[in-house]
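Okay, query-v6.cif now, which holds mmCIF, N, CA and C atoms:
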data_final
loop_
_atom_site.group_PDB
_atom_site.id
_atom_site.type_symbol
_atom_site.label_atom_id
_atom_site.label_comp_id
_atom_site.auth_asym_id
_atom_site.auth_seq_id
_atom_site.Cartn_x
_atom_site.Cartn_y
_atom_site.Cartn_z
ATOM 1 N N MET A 14 84.970 113.181 82.866
ATOM 2 C CA MET A 14 84.846 113.948 84.104
ATOM 3 C C MET A 14 85.537 113.182 85.236
ATOM 4 N N PRO A 15 86.394 113.858 85.997
ATOM 5 C CA PRO A 15 87.107 113.155 87.072
ATOM 6 C C PRO A 15 86.164 112.761 88.198
ATOM 7 N N HIS A 16 86.517 111.676 88.844
ATOM 8 C CA HIS A 16 85.747 111.223 90.010
ATOM 9 C C HIS A 16 86.044 112.152 91.178
ATOM 10 N N LEU A 17 84.993 112.618 91.827
ATOM 11 C CA LEU A 17 85.165 113.467 93.005
ATOM 12 C C LEU A 17 84.973 112.619 94.249
ATOM 13 N N GLY A 18 85.865 112.789 95.187
ATOM 14 C CA GLY A 18 85.802 112.029 96.427
ATOM 15 C C GLY A 18 84.713 112.536 97.370
ATOM 16 N N GLU A 19 84.506 111.810 98.425
ATOM 17 C CA GLU A 19 83.514 112.114 99.461
ATOM 18 C C GLU A 19 83.823 113.457 100.107
ATOM 19 N N ILE A 20 82.818 114.306 100.204
ATOM 20 C CA ILE A 20 83.013 115.669 100.708
ATOM 21 C C ILE A 20 83.639 115.683 102.097
ATOM 22 N N MET A 21 83.105 114.932 103.038
ATOM 23 C CA MET A 21 83.616 114.977 104.412
ATOM 24 C C MET A 21 85.056 114.469 104.509
ATOM 25 N N THR A 22 85.394 113.480 103.710
ATOM 26 C CA THR A 22 86.775 112.986 103.684
ATOM 27 C C THR A 22 87.717 114.112 103.289
ATOM 28 N N HIS A 23 87.336 114.868 102.278
ATOM 29 C CA HIS A 23 88.213 115.917 101.772
ATOM 30 C C HIS A 23 88.168 117.174 102.629
ATOM 31 N N LEU A 24 87.058 117.412 103.284
ATOM 32 C CA LEU A 24 87.007 118.500 104.259
ATOM 33 C C LEU A 24 88.023 118.222 105.362
ATOM 34 N N ARG A 25 88.055 116.979 105.832
ATOM 35 C CA ARG A 25 89.019 116.602 106.881
ATOM 36 C C ARG A 25 90.457 116.703 106.367
ATOM 37 N N LEU A 26 90.689 116.314 105.112
ATOM 38 C CA LEU A 26 92.044 116.430 104.555
ATOM 39 C C LEU A 26 92.492 117.883 104.487
ATOM 40 N N VAL A 27 91.598 118.767 104.076
ATOM 41 C CA VAL A 27 91.943 120.198 104.025
ATOM 42 C C VAL A 27 92.262 120.710 105.425
ATOM 43 N N LEU A 28 91.455 120.334 106.394
ATOM 44 C CA LEU A 28 91.709 120.763 107.773
ATOM 45 C C LEU A 28 93.027 120.194 108.293
ATOM 46 N N ARG A 29 93.301 118.918 107.996
ATOM 47 C CA ARG A 29 94.566 118.299 108.438
ATOM 48 C C ARG A 29 95.764 118.954 107.775
ATOM 49 N N MET A 30 95.651 119.258 106.486
ATOM 50 C CA MET A 30 96.759 119.920 105.795
ATOM 51 C C MET A 30 96.948 121.309 106.388
ATOM 52 N N GLY A 31 95.864 121.963 106.736
ATOM 53 C CA GLY A 31 95.962 123.256 107.394
ATOM 54 C C GLY A 31 96.724 123.139 108.709
ATOM 55 N N GLN A 32 96.400 122.132 109.503
ATOM 56 C CA GLN A 32 97.106 121.919 110.767
ATOM 57 C C GLN A 32 98.579 121.650 110.521
ATOM 58 N N ALA A 33 98.879 120.804 109.548
ATOM 59 C CA ALA A 33 100.271 120.443 109.271
ATOM 60 C C ALA A 33 101.090 121.653 108.842
ATOM 61 N N THR A 34 100.462 122.558 108.094
ATOM 62 C CA THR A 34 101.177 123.734 107.591
ATOM 63 C C THR A 34 101.063 124.933 108.528
ATOM 64 N N GLY A 35 100.387 124.749 109.659
ATOM 65 C CA GLY A 35 100.222 125.857 110.592
ATOM 66 C C GLY A 35 99.212 126.885 110.104
ATOM 67 N N THR A 36 98.300 126.450 109.252
ATOM 68 C CA THR A 36 97.268 127.324 108.699
ATOM 69 C C THR A 36 95.951 127.002 109.386
ATOM 70 N N ASP A 37 95.457 127.909 110.198
ATOM 71 C CA ASP A 37 94.197 127.692 110.903
ATOM 72 C C ASP A 37 93.051 128.108 109.982
ATOM 73 N N ILE A 38 92.471 127.120 109.302
ATOM 74 C CA ILE A 38 91.413 127.369 108.325
ATOM 75 C C ILE A 38 90.196 128.008 108.988
ATOM 76 N N VAL A 39 89.817 127.504 110.138
ATOM 77 C CA VAL A 39 88.634 128.032 110.831
ATOM 78 C C VAL A 39 88.874 129.486 111.240
ATOM 79 N N ALA A 40 90.037 129.782 111.799
ATOM 80 C CA ALA A 40 90.344 131.160 112.202
ATOM 81 C C ALA A 40 90.396 132.073 110.980
ATOM 82 N N ALA A 41 90.975 131.590 109.882
ATOM 83 C CA ALA A 41 91.039 132.396 108.656
ATOM 84 C C ALA A 41 89.636 132.746 108.180
ATOM 85 N N HIS A 42 88.732 131.790 108.284
ATOM 86 C CA HIS A 42 87.334 132.043 107.902
ATOM 87 C C HIS A 42 86.688 133.049 108.857
ATOM 88 N N GLU A 43 86.882 132.838 110.145
ATOM 89 C CA GLU A 43 86.284 133.731 111.149
ATOM 90 C C GLU A 43 86.819 135.159 111.036
ATOM 91 N N GLN A 44 88.084 135.295 110.619
ATOM 92 C CA GLN A 44 88.691 136.624 110.487
ATOM 93 C C GLN A 44 88.411 137.270 109.129
ATOM 94 N N GLY A 45 87.685 136.575 108.277
ATOM 95 C CA GLY A 45 87.327 137.133 106.988
ATOM 96 C C GLY A 45 88.373 136.975 105.902
ATOM 97 N N HIS A 46 89.400 136.156 106.149
ATOM 98 C CA HIS A 46 90.447 135.933 105.153
ATOM 99 C C HIS A 46 90.110 134.790 104.205
ATOM 100 N N LEU A 47 89.109 134.024 104.566
ATOM 101 C CA LEU A 47 88.691 132.886 103.758
ATOM 102 C C LEU A 47 87.171 132.871 103.739
ATOM 103 N N THR A 48 86.603 133.183 102.590
ATOM 104 C CA THR A 48 85.140 133.194 102.488
ATOM 105 C C THR A 48 84.603 131.765 102.484
ATOM 106 N N GLN A 49 83.321 131.633 102.678
ATOM 107 C CA GLN A 49 82.684 130.315 102.599
ATOM 108 C C GLN A 49 82.922 129.718 101.218
ATOM 109 N N GLN A 50 82.855 130.551 100.185
ATOM 110 C CA GLN A 50 83.095 130.100 98.808
ATOM 111 C C GLN A 50 84.543 129.626 98.641
ATOM 112 N N ASP A 51 85.505 130.374 99.204
ATOM 113 C CA ASP A 51 86.912 129.979 99.132
ATOM 114 C C ASP A 51 87.125 128.608 99.784
ATOM 115 N N TRP A 52 86.516 128.445 100.938
ATOM 116 C CA TRP A 52 86.647 127.191 101.683
ATOM 117 C C TRP A 52 86.050 126.041 100.865
ATOM 118 N N ALA A 53 84.867 126.270 100.304
ATOM 119 C CA ALA A 53 84.215 125.255 99.481
ATOM 120 C C ALA A 53 85.085 124.906 98.264
ATOM 121 N N GLU A 54 85.731 125.916 97.686
ATOM 122 C CA GLU A 54 86.605 125.670 96.530
ATOM 123 C C GLU A 54 87.819 124.837 96.924
ATOM 124 N N MET A 55 88.345 125.075 98.115
ATOM 125 C CA MET A 55 89.480 124.272 98.579
ATOM 126 C C MET A 55 89.081 122.802 98.704
ATOM 127 N N VAL A 56 87.926 122.558 99.282
ATOM 128 C CA VAL A 56 87.447 121.180 99.432
ATOM 129 C C VAL A 56 87.181 120.573 98.052
ATOM 130 N N HIS A 57 86.594 121.346 97.153
ATOM 131 C CA HIS A 57 86.305 120.851 95.805
ATOM 132 C C HIS A 57 87.601 120.498 95.061
ATOM 133 N N LYS A 58 88.615 121.355 95.176
ATOM 134 C CA LYS A 58 89.911 121.057 94.539
ATOM 135 C C LYS A 58 90.489 119.764 95.095
ATOM 136 N N CYS A 59 90.399 119.604 96.398
ATOM 137 C CA CYS A 59 90.906 118.400 97.050
ATOM 138 C C CYS A 59 90.142 117.169 96.542
ATOM 139 N N ARG A 60 88.849 117.294 96.391
ATOM 140 C CA ARG A 60 88.027 116.170 95.931
ATOM 141 C C ARG A 60 88.436 115.692 94.546
ATOM 142 N N GLY A 61 88.929 116.596 93.708
ATOM 143 C CA GLY A 61 89.318 116.232 92.358
ATOM 144 C C GLY A 61 90.795 115.927 92.196
ATOM 145 N N CYS A 62 91.532 115.908 93.292
ATOM 146 C CA CYS A 62 92.986 115.721 93.236
ATOM 147 C C CYS A 62 93.340 114.245 93.036
ATOM 148 N N ASP A 63 94.206 113.994 92.073
ATOM 149 C CA ASP A 63 94.663 112.626 91.808
ATOM 150 C C ASP A 63 95.532 112.086 92.940
ATOM 151 N N TRP A 64 96.127 112.960 93.724
ATOM 152 C CA TRP A 64 97.046 112.572 94.787
ATOM 153 C C TRP A 64 96.342 112.400 96.135
ATOM 154 N N ALA A 65 95.073 112.778 96.225
ATOM 155 C CA ALA A 65 94.348 112.809 97.508
ATOM 156 C C ALA A 65 94.342 111.457 98.223
ATOM 157 N N ASN A 66 94.360 110.363 97.482
ATOM 158 C CA ASN A 66 94.343 109.055 98.150
ATOM 159 C C ASN A 66 95.660 108.766 98.878
ATOM 160 N N ARG A 67 96.742 109.484 98.520
ATOM 161 C CA ARG A 67 98.027 109.326 99.213
ATOM 162 C C ARG A 67 98.222 110.385 100.298
ATOM 163 N N CYS A 68 97.380 111.367 100.303
ATOM 164 C CA CYS A 68 97.506 112.482 101.241
ATOM 165 C C CYS A 68 97.423 112.043 102.713
ATOM 166 N N PRO A 69 96.475 111.189 103.095
ATOM 167 C CA PRO A 69 96.418 110.797 104.511
ATOM 168 C C PRO A 69 97.722 110.177 105.013
ATOM 169 N N ASP A 70 98.340 109.317 104.194
ATOM 170 C CA ASP A 70 99.617 108.713 104.609
ATOM 171 C C ASP A 70 100.704 109.772 104.720
ATOM 172 N N TRP A 71 100.727 110.709 103.771
ATOM 173 C CA TRP A 71 101.708 111.792 103.813
ATOM 174 C C TRP A 71 101.517 112.610 105.086
ATOM 175 N N LEU A 72 100.279 112.936 105.394
ATOM 176 C CA LEU A 72 99.989 113.717 106.603
ATOM 177 C C LEU A 72 100.375 112.950 107.865
ATOM 178 N N ASP A 73 100.186 111.640 107.855
ATOM 179 C CA ASP A 73 100.593 110.823 109.009
ATOM 180 C C ASP A 73 102.098 110.904 109.239
ATOM 181 N N ARG A 74 102.878 111.045 108.166
ATOM 182 C CA ARG A 74 104.339 111.095 108.260
ATOM 183 C C ARG A 74 104.884 112.516 108.416
ATOM 184 N N HIS A 75 104.056 113.529 108.170
ATOM 185 C CA HIS A 75 104.492 114.930 108.214
ATOM 186 C C HIS A 75 103.515 115.751 109.054
ATOM 187 N N GLU A 76 103.663 115.677 110.363
ATOM 188 C CA GLU A 76 102.722 116.375 111.247
ATOM 189 C C GLU A 76 102.887 117.883 111.190
ATOM 190 N N ILE A 77 104.124 118.349 111.023
ATOM 191 C CA ILE A 77 104.388 119.791 110.943
ATOM 192 C C ILE A 77 105.316 120.032 109.757
ATOM 193 N N VAL A 78 104.867 120.883 108.836
ATOM 194 C CA VAL A 78 105.649 121.205 107.644
ATOM 195 C C VAL A 78 105.565 122.705 107.374
ATOM 196 N N LYS A 79 106.522 123.189 106.617
ATOM 197 C CA LYS A 79 106.499 124.602 106.254
ATOM 198 C C LYS A 79 105.452 124.866 105.179
ATOM 199 N N ASN A 80 105.373 123.967 104.206
ATOM 200 C CA ASN A 80 104.444 124.125 103.089
ATOM 201 C C ASN A 80 103.770 122.809 102.758
ATOM 202 N N ALA A 81 102.602 122.912 102.163
ATOM 203 C CA ALA A 81 101.938 121.723 101.635
ATOM 204 C C ALA A 81 102.808 121.156 100.507
ATOM 205 N N PRO A 82 102.693 119.876 100.217
ATOM 206 C CA PRO A 82 103.524 119.292 99.159
ATOM 207 C C PRO A 82 103.179 119.884 97.785
ATOM 208 N N GLN A 83 104.136 119.785 96.878
ATOM 209 C CA GLN A 83 103.938 120.298 95.511
ATOM 210 C C GLN A 83 102.685 119.716 94.870
ATOM 211 N N THR A 84 102.338 118.497 95.240
ATOM 212 C CA THR A 84 101.199 117.812 94.635
ATOM 213 C C THR A 84 99.850 118.333 95.124
ATOM 214 N N CYS A 85 99.843 119.115 96.190
ATOM 215 C CA CYS A 85 98.591 119.618 96.775
ATOM 216 C C CYS A 85 98.006 120.732 95.911
ATOM 217 N N ARG A 86 96.770 120.550 95.491
ATOM 218 C CA ARG A 86 96.099 121.561 94.670
ATOM 219 C C ARG A 86 95.811 122.852 95.438
ATOM 220 N N ASN A 87 95.880 122.800 96.746
ATOM 221 C CA ASN A 87 95.628 123.978 97.576
ATOM 222 C C ASN A 87 96.903 124.587 98.141
ATOM 223 N N ARG A 88 98.046 124.143 97.652
ATOM 224 C CA ARG A 88 99.335 124.611 98.173
ATOM 225 C C ARG A 88 99.428 126.140 98.199
ATOM 226 N N GLN A 89 99.072 126.789 97.117
ATOM 227 C CA GLN A 89 99.172 128.252 97.055
ATOM 228 C C GLN A 89 98.204 128.917 98.024
ATOM 229 N N ARG A 90 97.027 128.365 98.171
ATOM 230 C CA ARG A 90 96.040 128.940 99.098
ATOM 231 C C ARG A 90 96.552 128.833 100.527
ATOM 232 N N PHE A 91 97.099 127.683 100.898
ATOM 233 C CA PHE A 91 97.663 127.543 102.244
ATOM 234 C C PHE A 91 98.783 128.557 102.464
ATOM 235 N N ALA A 92 99.662 128.711 101.479
ATOM 236 C CA ALA A 92 100.778 129.653 101.602
ATOM 237 C C ALA A 92 100.276 131.079 101.763
ATOM 238 N N ALA A 93 99.256 131.449 101.009
ATOM 239 C CA ALA A 93 98.701 132.802 101.100
ATOM 240 C C ALA A 93 98.072 133.038 102.470
ATOM 241 N N LEU A 94 97.372 132.057 102.991
ATOM 242 C CA LEU A 94 96.762 132.192 104.317
ATOM 243 C C LEU A 94 97.818 132.253 105.409
ATOM 244 N N GLN A 95 98.904 131.493 105.248
ATOM 245 C CA GLN A 95 100.013 131.549 106.217
ATOM 246 C C GLN A 95 100.621 132.949 106.232
ATOM 247 N N THR A 96 100.873 133.497 105.055
ATOM 248 C CA THR A 96 101.452 134.834 104.942
ATOM 249 C C THR A 96 100.546 135.856 105.602
ATOM 250 N N ARG A 97 99.267 135.741 105.343
ATOM 251 C CA ARG A 97 98.308 136.690 105.909
ATOM 252 C C ARG A 97 98.269 136.613 107.429
ATOM 253 N N SER A 98 98.295 135.401 107.971
ATOM 254 C CA SER A 98 98.240 135.267 109.440
ATOM 255 C C SER A 98 99.525 135.771 110.085
ATOM 256 N N ARG A 99 100.681 135.598 109.415
ATOM 257 C CA ARG A 99 101.939 136.088 109.965
ATOM 258 C C ARG A 99 101.965 137.625 109.957
ATOM 259 N N GLN A 100 101.327 138.239 108.985
ATOM 260 C CA GLN A 100 101.299 139.695 108.906
ATOM 261 C C GLN A 100 100.489 140.312 110.036
ATOM 262 N N GLU A 101 99.546 139.552 110.549
ATOM 263 C CA GLU A 101 98.683 140.069 111.616
ATOM 264 C C GLU A 101 99.280 139.901 112.995
ATOM 265 N N VAL A 102 100.283 139.074 113.124
ATOM 266 C CA VAL A 102 100.871 138.806 114.450
ATOM 267 C C VAL A 102 101.737 139.954 114.884
#
Represent the structure contained in this file as structure tokens.
Amino acid sequence: MPHLGEIMTHLRLVLRMGQATGTDIVAAHEQGHLTQQDWAEMVHKCRGCDWANRCPDWLDRHEIVKNAPQTCRNRQRFAALQTRSRQEV
């Protein structure tokens, strides 16, 4: 069984990756595009990611990006939320 990281650490990583990709996780949740379960799954995926220990350094070097890195387990979710928010504008 893989080691899962600290919940709050990974919650912050998901939020930071959201900021970097222009994905407002909180707004997506408030608008009904991201359920509480979806959000919890994103944090859980992050907790089990082998690359998560390198993510903070990557985020420090990439404040604004078009997409999350290929190594991000939530890359597709971020992309889907970005698409959804652009459709509403």
Nearest to Asp63 of chain A: which of A:Leu17, A:Gln49, A:Leu24, A:Met30 is it, counting only C-alpha atoms?
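Of A:Leu17, A:Gln49, A:Leu24, A:Met30, the one nearest Asp63 of chain A is A:Leu17, counting only C-alpha atoms.
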What does the distance between atom C of Gly18 of chain A and atom N of Gly61 of chain A come to in Å, to one decimal place?
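It comes out at 6.9 Å.
One finds atom C of Asp70 of chain A at 27.2 Å from atom C of His46 of chain A.
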Looking only at helix (DSSP H, G or I) from DSSP on the backbone, list the matching residues of chain A as a PyMOL selection string.
chain A and resi 20-33+38-43+49-60+68-74+88-101
Same residues, N, CA and C atoms, output as a compact mmCIF listing (two decimals), in the coordinates of the input:
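Below you can see out09.txt, which holds the result:
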# COMPACT_ATOMS: atom_id res chain seq x y z
N ILE A 20 82.82 114.31 100.20
CA ILE A 20 83.01 115.67 100.71
C ILE A 20 83.64 115.68 102.10
N MET A 21 83.10 114.93 103.04
CA MET A 21 83.62 114.98 104.41
C MET A 21 85.06 114.47 104.51
N THR A 22 85.39 113.48 103.71
CA THR A 22 86.78 112.99 103.68
C THR A 22 87.72 114.11 103.29
N HIS A 23 87.34 114.87 102.28
CA HIS A 23 88.21 115.92 101.77
C HIS A 23 88.17 117.17 102.63
N LEU A 24 87.06 117.41 103.28
CA LEU A 24 87.01 118.50 104.26
C LEU A 24 88.02 118.22 105.36
N ARG A 25 88.06 116.98 105.83
CA ARG A 25 89.02 116.60 106.88
C ARG A 25 90.46 116.70 106.37
N LEU A 26 90.69 116.31 105.11
CA LEU A 26 92.04 116.43 104.56
C LEU A 26 92.49 117.88 104.49
N VAL A 27 91.60 118.77 104.08
CA VAL A 27 91.94 120.20 104.02
C VAL A 27 92.26 120.71 105.42
N LEU A 28 91.46 120.33 106.39
CA LEU A 28 91.71 120.76 107.77
C LEU A 28 93.03 120.19 108.29
N ARG A 29 93.30 118.92 108.00
CA ARG A 29 94.57 118.30 108.44
C ARG A 29 95.76 118.95 107.78
N MET A 30 95.65 119.26 106.49
CA MET A 30 96.76 119.92 105.80
C MET A 30 96.95 121.31 106.39
N GLY A 31 95.86 121.96 106.74
CA GLY A 31 95.96 123.26 107.39
C GLY A 31 96.72 123.14 108.71
N GLN A 32 96.40 122.13 109.50
CA GLN A 32 97.11 121.92 110.77
C GLN A 32 98.58 121.65 110.52
N ALA A 33 98.88 120.80 109.55
CA ALA A 33 100.27 120.44 109.27
C ALA A 33 101.09 121.65 108.84
N ILE A 38 92.47 127.12 109.30
CA ILE A 38 91.41 127.37 108.32
C ILE A 38 90.20 128.01 108.99
N VAL A 39 89.82 127.50 110.14
CA VAL A 39 88.63 128.03 110.83
C VAL A 39 88.87 129.49 111.24
N ALA A 40 90.04 129.78 111.80
CA ALA A 40 90.34 131.16 112.20
C ALA A 40 90.40 132.07 110.98
N ALA A 41 90.98 131.59 109.88
CA ALA A 41 91.04 132.40 108.66
C ALA A 41 89.64 132.75 108.18
N HIS A 42 88.73 131.79 108.28
CA HIS A 42 87.33 132.04 107.90
C HIS A 42 86.69 133.05 108.86
N GLU A 43 86.88 132.84 110.14
CA GLU A 43 86.28 133.73 111.15
C GLU A 43 86.82 135.16 111.04
N GLN A 49 83.32 131.63 102.68
CA GLN A 49 82.68 130.32 102.60
C GLN A 49 82.92 129.72 101.22
N GLN A 50 82.86 130.55 100.18
CA GLN A 50 83.10 130.10 98.81
C GLN A 50 84.54 129.63 98.64
N ASP A 51 85.50 130.37 99.20
CA ASP A 51 86.91 129.98 99.13
C ASP A 51 87.12 128.61 99.78
N TRP A 52 86.52 128.44 100.94
CA TRP A 52 86.65 127.19 101.68
C TRP A 52 86.05 126.04 100.86
N ALA A 53 84.87 126.27 100.30
CA ALA A 53 84.22 125.26 99.48
C ALA A 53 85.08 124.91 98.26
N GLU A 54 85.73 125.92 97.69
CA GLU A 54 86.60 125.67 96.53
C GLU A 54 87.82 124.84 96.92
N MET A 55 88.34 125.08 98.12
CA MET A 55 89.48 124.27 98.58
C MET A 55 89.08 122.80 98.70
N VAL A 56 87.93 122.56 99.28
CA VAL A 56 87.45 121.18 99.43
C VAL A 56 87.18 120.57 98.05
N HIS A 57 86.59 121.35 97.15
CA HIS A 57 86.30 120.85 95.80
C HIS A 57 87.60 120.50 95.06
N LYS A 58 88.62 121.36 95.18
CA LYS A 58 89.91 121.06 94.54
C LYS A 58 90.49 119.76 95.10
N CYS A 59 90.40 119.60 96.40
CA CYS A 59 90.91 118.40 97.05
C CYS A 59 90.14 117.17 96.54
N ARG A 60 88.85 117.29 96.39
CA ARG A 60 88.03 116.17 95.93
C ARG A 60 88.44 115.69 94.55
N CYS A 68 97.38 111.37 100.30
CA CYS A 68 97.51 112.48 101.24
C CYS A 68 97.42 112.04 102.71
N PRO A 69 96.48 111.19 103.10
CA PRO A 69 96.42 110.80 104.51
C PRO A 69 97.72 110.18 105.01
N ASP A 70 98.34 109.32 104.19
CA ASP A 70 99.62 108.71 104.61
C ASP A 70 100.70 109.77 104.72
N TRP A 71 100.73 110.71 103.77
CA TRP A 71 101.71 111.79 103.81
C TRP A 71 101.52 112.61 105.09
N LEU A 72 100.28 112.94 105.39
CA LEU A 72 99.99 113.72 106.60
C LEU A 72 100.38 112.95 107.86
N ASP A 73 100.19 111.64 107.86
CA ASP A 73 100.59 110.82 109.01
C ASP A 73 102.10 110.90 109.24
N ARG A 74 102.88 111.04 108.17
CA ARG A 74 104.34 111.10 108.26
C ARG A 74 104.88 112.52 108.42
N ARG A 88 98.05 124.14 97.65
CA ARG A 88 99.34 124.61 98.17
C ARG A 88 99.43 126.14 98.20
N GLN A 89 99.07 126.79 97.12
CA GLN A 89 99.17 128.25 97.06
C GLN A 89 98.20 128.92 98.02
N ARG A 90 97.03 128.36 98.17
CA ARG A 90 96.04 128.94 99.10
C ARG A 90 96.55 128.83 100.53
N PHE A 91 97.10 127.68 100.90
CA PHE A 91 97.66 127.54 102.24
C PHE A 91 98.78 128.56 102.46
N ALA A 92 99.66 128.71 101.48
CA ALA A 92 100.78 129.65 101.60
C ALA A 92 100.28 131.08 101.76
N ALA A 93 99.26 131.45 101.01
CA ALA A 93 98.70 132.80 101.10
C ALA A 93 98.07 133.04 102.47
N LEU A 94 97.37 132.06 102.99
CA LEU A 94 96.76 132.19 104.32
C LEU A 94 97.82 132.25 105.41
N GLN A 95 98.90 131.49 105.25
CA GLN A 95 100.01 131.55 106.22
C GLN A 95 100.62 132.95 106.23
N THR A 96 100.87 133.50 105.06
CA THR A 96 101.45 134.83 104.94
C THR A 96 100.55 135.86 105.60
N ARG A 97 99.27 135.74 105.34
CA ARG A 97 98.31 136.69 105.91
C ARG A 97 98.27 136.61 107.43
N SER A 98 98.30 135.40 107.97
CA SER A 98 98.24 135.27 109.44
C SER A 98 99.52 135.77 110.08
N ARG A 99 100.68 135.60 109.42
CA ARG A 99 101.94 136.09 109.96
C ARG A 99 101.96 137.62 109.96
N GLN A 100 101.33 138.24 108.98
CA GLN A 100 101.30 139.70 108.91
C GLN A 100 100.49 140.31 110.04
N GLU A 101 99.55 139.55 110.55
CA GLU A 101 98.68 140.07 111.62
C GLU A 101 99.28 139.90 113.00
Using Å and a single decimal, report how far atom CA of Leu72 of chain A sits from atom C of Leu94 of chain A.
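Computed distance, atom C of Leu94 of chain A to atom CA of Leu72 of chain A, equals 18.7 Å.
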For Val56 of chain A, please output as a ChimeraX atom specification all residues within 7 Å (counting only C-alpha atoms; exclusion window: fewer than 2 positions along the same chain).
/A:23-24,27,52-54,58-60
Closest to Ala81 of chain A among A:Ala41, A:Cys62, A:Ala33, A:Leu26, using only C-alpha atoms?
A:Ala33
Hey, can you pull every residue with an atom no more than 7 Å from (96.0, 132.3, 109.2), using all atoms listed in the file, and send it as a list in words?
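Output: Gly35, Thr36, Asp37, Ile38, Ala40, Ala41, Leu94, Gln95, Thr96, Arg97, Ser98 and Arg99 of chain A.
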Create the file for the chosen residues now, containing N, CA and C atoms and written as a PDB file, keeping the file's coordinate frame.
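Below you can see out_28.pdb, which holds the result:
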ATOM      1  N   GLY A  35     100.387 124.749 109.659  1.00  0.00           N
ATOM      2  CA  GLY A  35     100.222 125.857 110.592  1.00  0.00           C
ATOM      3  C   GLY A  35      99.212 126.885 110.104  1.00  0.00           C
ATOM      4  N   THR A  36      98.300 126.450 109.252  1.00  0.00           N
ATOM      5  CA  THR A  36      97.268 127.324 108.699  1.00  0.00           C
ATOM      6  C   THR A  36      95.951 127.002 109.386  1.00  0.00           C
ATOM      7  N   ASP A  37      95.457 127.909 110.198  1.00  0.00           N
ATOM      8  CA  ASP A  37      94.197 127.692 110.903  1.00  0.00           C
ATOM      9  C   ASP A  37      93.051 128.108 109.982  1.00  0.00           C
ATOM     10  N   ILE A  38      92.471 127.120 109.302  1.00  0.00           N
ATOM     11  CA  ILE A  38      91.413 127.369 108.325  1.00  0.00           C
ATOM     12  C   ILE A  38      90.196 128.008 108.988  1.00  0.00           C
ATOM     13  N   ALA A  40      90.037 129.782 111.799  1.00  0.00           N
ATOM     14  CA  ALA A  40      90.344 131.160 112.202  1.00  0.00           C
ATOM     15  C   ALA A  40      90.396 132.073 110.980  1.00  0.00           C
ATOM     16  N   ALA A  41      90.975 131.590 109.882  1.00  0.00           N
ATOM     17  CA  ALA A  41      91.039 132.396 108.656  1.00  0.00           C
ATOM     18  C   ALA A  41      89.636 132.746 108.180  1.00  0.00           C
ATOM     19  N   LEU A  94      97.372 132.057 102.991  1.00  0.00           N
ATOM     20  CA  LEU A  94      96.762 132.192 104.317  1.00  0.00           C
ATOM     21  C   LEU A  94      97.818 132.253 105.409  1.00  0.00           C
ATOM     22  N   GLN A  95      98.904 131.493 105.248  1.00  0.00           N
ATOM     23  CA  GLN A  95     100.013 131.549 106.217  1.00  0.00           C
ATOM     24  C   GLN A  95     100.621 132.949 106.232  1.00  0.00           C
ATOM     25  N   THR A  96     100.873 133.497 105.055  1.00  0.00           N
ATOM     26  CA  THR A  96     101.452 134.834 104.942  1.00  0.00           C
ATOM     27  C   THR A  96     100.546 135.856 105.602  1.00  0.00           C
ATOM     28  N   ARG A  97      99.267 135.741 105.343  1.00  0.00           N
ATOM     29  CA  ARG A  97      98.308 136.690 105.909  1.00  0.00           C
ATOM     30  C   ARG A  97      98.269 136.613 107.429  1.00  0.00           C
ATOM     31  N   SER A  98      98.295 135.401 107.971  1.00  0.00           N
ATOM     32  CA  SER A  98      98.240 135.267 109.440  1.00  0.00           C
ATOM     33  C   SER A  98      99.525 135.771 110.085  1.00  0.00           C
ATOM     34  N   ARG A  99     100.681 135.598 109.415  1.00  0.00           N
ATOM     35  CA  ARG A  99     101.939 136.088 109.965  1.00  0.00           C
ATOM     36  C   ARG A  99     101.965 137.625 109.957  1.00  0.00           C
TER      37      ARG A  99
END
Rank A:Gln44, A:Leu28, A:Met55, A:Thr22 by their smallest atom-to-atom distance to Asn87 of chain A, using all atoms listed in the file, and report the top residue only.
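Among A:Gln44, A:Leu28, A:Met55, A:Thr22, it is A:Met55 that comes nearest to Asn87 of chain A.
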Between A:Asn80, A:Gln32, A:Thr48, A:Asn66, which one has atoms that come closest to Ala92 of chain A, using only C-alpha atoms?
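Distance minimum relative to Ala92 of chain A lands on A:Asn80.
Residue nearest Cys85 of chain A within the list A:Gln100, A:Ala65, A:Asp73, A:Ile20: A:Ala65 [criterion: smallest interatomic distance, all atoms listed in the file].
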